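Undergrad: Quick one: the structure is below, questions incoming.
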Amino acid sequence: MPMKQKTIDEILLPYKKEIPLDPSVMMGDRIVHALELMVNRNLKRIAVLHNNRPVGMLRLEDAFRMLGINMPEKH
């Protein structure tokens with residue numbers, strides 16, 4: 001049986017005005033998609049939109065934790 005894809009909705013935090021809306025992800029997007037965007041753009045947080053309006057944010061460390069991945073250590 002395939003593993004259920006984890007979505008952003010499961011670890012959504014309240015939106016903060018200082019978080020830019022570009023780039024952003026949508027409610028229901030897979031956590032892996034958000035994680036790729038954040039890692040590729042060196043972001044610690046990303047806005048989550050619904051109907052083109054910010055409804056929350058996602059933190060990089062929460063995305064890693066939800067997928068069972070330890071956060072890379074800073075050197």
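Chain lettering (A, B, ...) mirrors the order of the structure tokens, residue numbering begins at 1 for each chain separately, and ligand numbering begins at 1 in order of display.
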Fewer than 5 positions away in the same chain doesn't count, so skip those; otherwise give me all residues within 9 Å of Leu60 in chain A, counting only C-alpha atoms, as an NGL selection string.

TA: :A and (34-35 or 38-39 or 43-46 or 65 or 71)

Undergrad: Can you tell me, as a list in words, which residues in chain A count as strand (DSSP E) by DSSP?

TA: Ser24, Val25, Met26, Arg45, Ile46, Ala47, Val48, Leu49, His50, Arg53, Pro54, Val55, Gly56, Met57, Leu58 and Arg59 of chain A

Undergrad: Need to verify the contact set: Leu37 in chain A, 9 Å, only C-alpha atoms, exclusion of same-chain residues closer than 3 positions in sequence. Can you return it as a PyMOL selection string?

TA: chain A and resi 23-25+32-34+40-43+46

Undergrad: Rank A:Ile19, A:Asp29, A:Glu10, A:Gln5 by their smallest atom-to-atom distance to Met57 in chain A, using only C-alpha atoms, and report the top residue only.

TA: A:Ile19

Undergrad: Calculated over only C-alpha atoms, which of the candidates A:Met26, A:Leu58, A:Met66, A:Ile31 has the smallest distance to Leu12 in chain A?

TA: A:Leu58

Undergrad: For CA of Val48 in chain A and CA of Ile69 in chain A, quote the distance in Å rounded to one decimal.

TA: 21.3 Å

Undergrad: What are the DSSP alpha helix (DSSP H) residues of chain A, as a list of chain:residue names?

TA: A:Ile31, A:Val32, A:His33, A:Ala34, A:Leu35, A:Glu36, A:Leu37, A:Met38, A:Val39, A:Asn40, A:Leu60, A:Glu61, A:Asp62, A:Ala63, A:Phe64, A:Arg65, A:Met66

Undergrad: Just checking: using only C-alpha atoms, which residue out of A:Gly28, A:Asn70, A:Ala47, A:Arg59 ends up closest to Asp9 in chain A?

TA: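 Once distances to Asp9 in chain A are computed over only C-alpha atoms, the minimum belongs to A:Gly28.
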